[in-house]
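What follows is a short report on a single structure.
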Amino acid sequence: MVQISIPPTLRRFCGGEEAVQVRAGTVGDALGQLQARFHGIRERLCDETGRIRGSVLVFVNDEDIRFLAEQATPLRAGDHLSIIPAFAGG
């Protein structure tokens with residue numbers, strides 16, 4: 001199982017869950033399962049083409065997937081996936 005940490009700003013779309021467990025082989029699989037389970041989360045995470053929005057950071061075990069294989073990044077049992085909405089400020 002892979003644990004996905006849900007940030008506070010997205011918990012209202014995930015039934016208040018702080019974390020969920022999924023069985024997934026890649027980051028894309030994990031996000032797909034999250035999206036299938038919680039309606040409304042997809043639009044917050046991905047654009048119309050299915051790519052992770054630039055305003056959302058995803059980490060596997062503290063490694064940014066942008067520097068790995070993005071959504072094709074492989075996952076193993078026990079991995080921890082973190083979703084972090086990036087905020088712009090001034």
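A note on labels: chains of the structure tokens are A, B, ... as shown, every chain counts residues from 1, and ligands are counted from 1 in their shown order.
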- Message: Can you tell me which residues surround Val56 of chain A at a distance of at most 6 Å, considering only C-alpha atoms, apart from same-chain residues fewer than 2 positions away, and format the answer as a list in words?
- Response: Arg53, Gly54, Ile84, Pro85 and Ala86 of chain A
Could those residues be written to a file, using C-alpha atoms, as a short mmCIF file (atom, residue, chain, number, x, y, z; two decimals), in the first residue's frame?
data_model
loop_
_atom_site.label_atom_id
_atom_site.label_comp_id
_atom_site.auth_asym_id
_atom_site.auth_seq_id
_atom_site.Cartn_x
_atom_site.Cartn_y
_atom_site.Cartn_z
CA ARG A 53 -1.08 21.53 -12.58
CA GLY A 54 1.94 23.77 -12.20
CA ILE A 84 1.38 20.17 -1.85
CA PRO A 85 -0.56 23.05 -3.41
CA ALA A 86 1.91 25.80 -4.28
#
Shell of 7 Å around segment 71-77 of chain A, only C-alpha atoms, local chain residues under 6 positions omitted, as a compact mmCIF listing (two decimals) with N, CA and C atoms, in the first residue's frame:
# COMPACT_ATOMS: atom_id res chain seq x y z
N MET A 1 0.83 -1.19 0.00
CA MET A 1 0.00 0.00 0.00
C MET A 1 0.88 1.25 0.00
N VAL A 2 0.37 2.27 -0.63
CA VAL A 2 1.02 3.58 -0.70
C VAL A 2 0.13 4.56 0.05
N ALA A 24 -0.96 1.07 -5.87
CA ALA A 24 -0.66 1.69 -7.16
C ALA A 24 0.78 1.42 -7.55
N GLY A 25 1.01 1.27 -8.85
CA GLY A 25 2.35 1.03 -9.36
C GLY A 25 3.09 2.29 -9.75
N THR A 26 2.33 3.37 -10.02
CA THR A 26 2.95 4.64 -10.40
C THR A 26 2.20 5.79 -9.73
N VAL A 27 2.81 6.95 -9.77
CA VAL A 27 2.16 8.15 -9.24
C VAL A 27 0.85 8.40 -9.99
N GLY A 28 0.86 8.24 -11.31
CA GLY A 28 -0.36 8.43 -12.09
C GLY A 28 -1.47 7.49 -11.67
N ILE A 65 8.50 14.76 -7.95
CA ILE A 65 8.36 13.91 -9.13
C ILE A 65 8.74 14.63 -10.41
- Message: So, with only C-alpha atoms as the atoms that count, which of A:Ser5, A:Ser82, A:Ser55, A:Gln35 lies closest to Glu18 of chain A?
- Response: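 Closest to Glu18 of chain A, using only C-alpha atoms: A:Ser5.
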- Once DSSP has gone over the backbone, tell me which residues of chain A are in strand (DSSP E or B), as a list in words. Val2, Gln3, Ile4, Ser5, Ala19, Val20, Gln21, Val22, Thr26, Cys46, Ile52, Val56, Leu57, Val58, Phe59, Val60, Glu63, Asp64, Pro74, His80, Leu81, Ser82, Ile83, Ile84 and Pro85 of chain A
Atoms to include: C-alpha atoms. Write the selected residues as a tab-separated table (two decimals), in the first residue's frame.
chain	number	residue	atom	x	y	z
A	2	VAL	CA	1.02	3.58	-0.70
A	3	GLN	CA	-0.05	6.39	1.60
A	4	ILE	CA	-1.22	9.67	0.07
A	5	SER	CA	-1.17	12.67	2.40
A	19	ALA	CA	-4.41	10.48	4.34
A	20	VAL	CA	-5.63	7.59	2.19
A	21	GLN	CA	-4.09	4.26	1.26
A	22	VAL	CA	-4.02	2.96	-2.32
A	26	THR	CA	2.95	4.64	-10.40
A	46	CYS	CA	-4.77	18.17	-13.00
A	52	ILE	CA	-0.49	17.80	-12.87
A	56	VAL	CA	0.56	21.52	-7.42
A	57	LEU	CA	3.72	19.81	-6.22
A	58	VAL	CA	3.83	16.04	-5.75
A	59	PHE	CA	6.53	14.26	-3.80
A	60	VAL	CA	7.34	10.58	-3.38
A	63	GLU	CA	11.51	13.60	-3.83
A	64	ASP	CA	9.81	15.97	-6.27
A	74	PRO	CA	7.16	4.03	-9.92
A	80	HIS	CA	4.56	8.03	0.88
A	81	LEU	CA	3.05	10.42	-1.66
A	82	SER	CA	2.59	14.05	-0.63
A	83	ILE	CA	0.45	16.57	-2.50
A	84	ILE	CA	1.38	20.17	-1.85
A	85	PRO	CA	-0.56	23.05	-3.41
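For the pair atom CA of Gly15 of chain A and atom CA of Arg66 of chain A, the interatomic distance is 27.9 Å.
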- Item | Pick from A:Pro7, A:Arg51, A:Asn61, A:Glu17, whichever lies nearest to Leu31 of chain A using only C-alpha atoms |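 Under the stated criterion, the closest residue is A:Arg51.
Picture a line from atom CA of Ala30 of chain A to atom CA of Arg12 of chain A; it runs 18.9 Å.
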- Using DSSP on the backbone coordinates, identify the residues of chain A assigned to alpha helix (DSSP H); present them as an MDAnalysis selection string. chainID A and resid 27:37 41:45
Let me see the file: selected residues, C-alpha atoms, as an mmCIF file, in the first residue's frame.
data_model
loop_
_atom_site.group_PDB
_atom_site.id
_atom_site.type_symbol
_atom_site.label_atom_id
_atom_site.label_comp_id
_atom_site.auth_asym_id
_atom_site.auth_seq_id
_atom_site.Cartn_x
_atom_site.Cartn_y
_atom_site.Cartn_z
ATOM 1 C CA VAL A 27 2.157 8.155 -9.239
ATOM 2 C CA GLY A 28 -0.357 8.434 -12.092
ATOM 3 C CA ASP A 29 -2.125 5.262 -10.915
ATOM 4 C CA ALA A 30 -2.255 6.589 -7.348
ATOM 5 C CA LEU A 31 -3.694 9.933 -8.433
ATOM 6 C CA GLY A 32 -6.195 8.152 -10.676
ATOM 7 C CA GLN A 33 -7.433 6.102 -7.737
ATOM 8 C CA LEU A 34 -7.679 9.223 -5.592
ATOM 9 C CA GLN A 35 -9.668 10.955 -8.332
ATOM 10 C CA ALA A 36 -11.984 7.959 -8.772
ATOM 11 C CA ARG A 37 -12.648 7.812 -5.041
ATOM 12 C CA ILE A 41 -10.347 16.417 -6.610
ATOM 13 C CA ARG A 42 -9.237 15.886 -10.223
ATOM 14 C CA GLU A 43 -9.896 19.483 -11.255
ATOM 15 C CA ARG A 44 -7.796 20.700 -8.331
ATOM 16 C CA LEU A 45 -4.822 18.471 -9.209
#
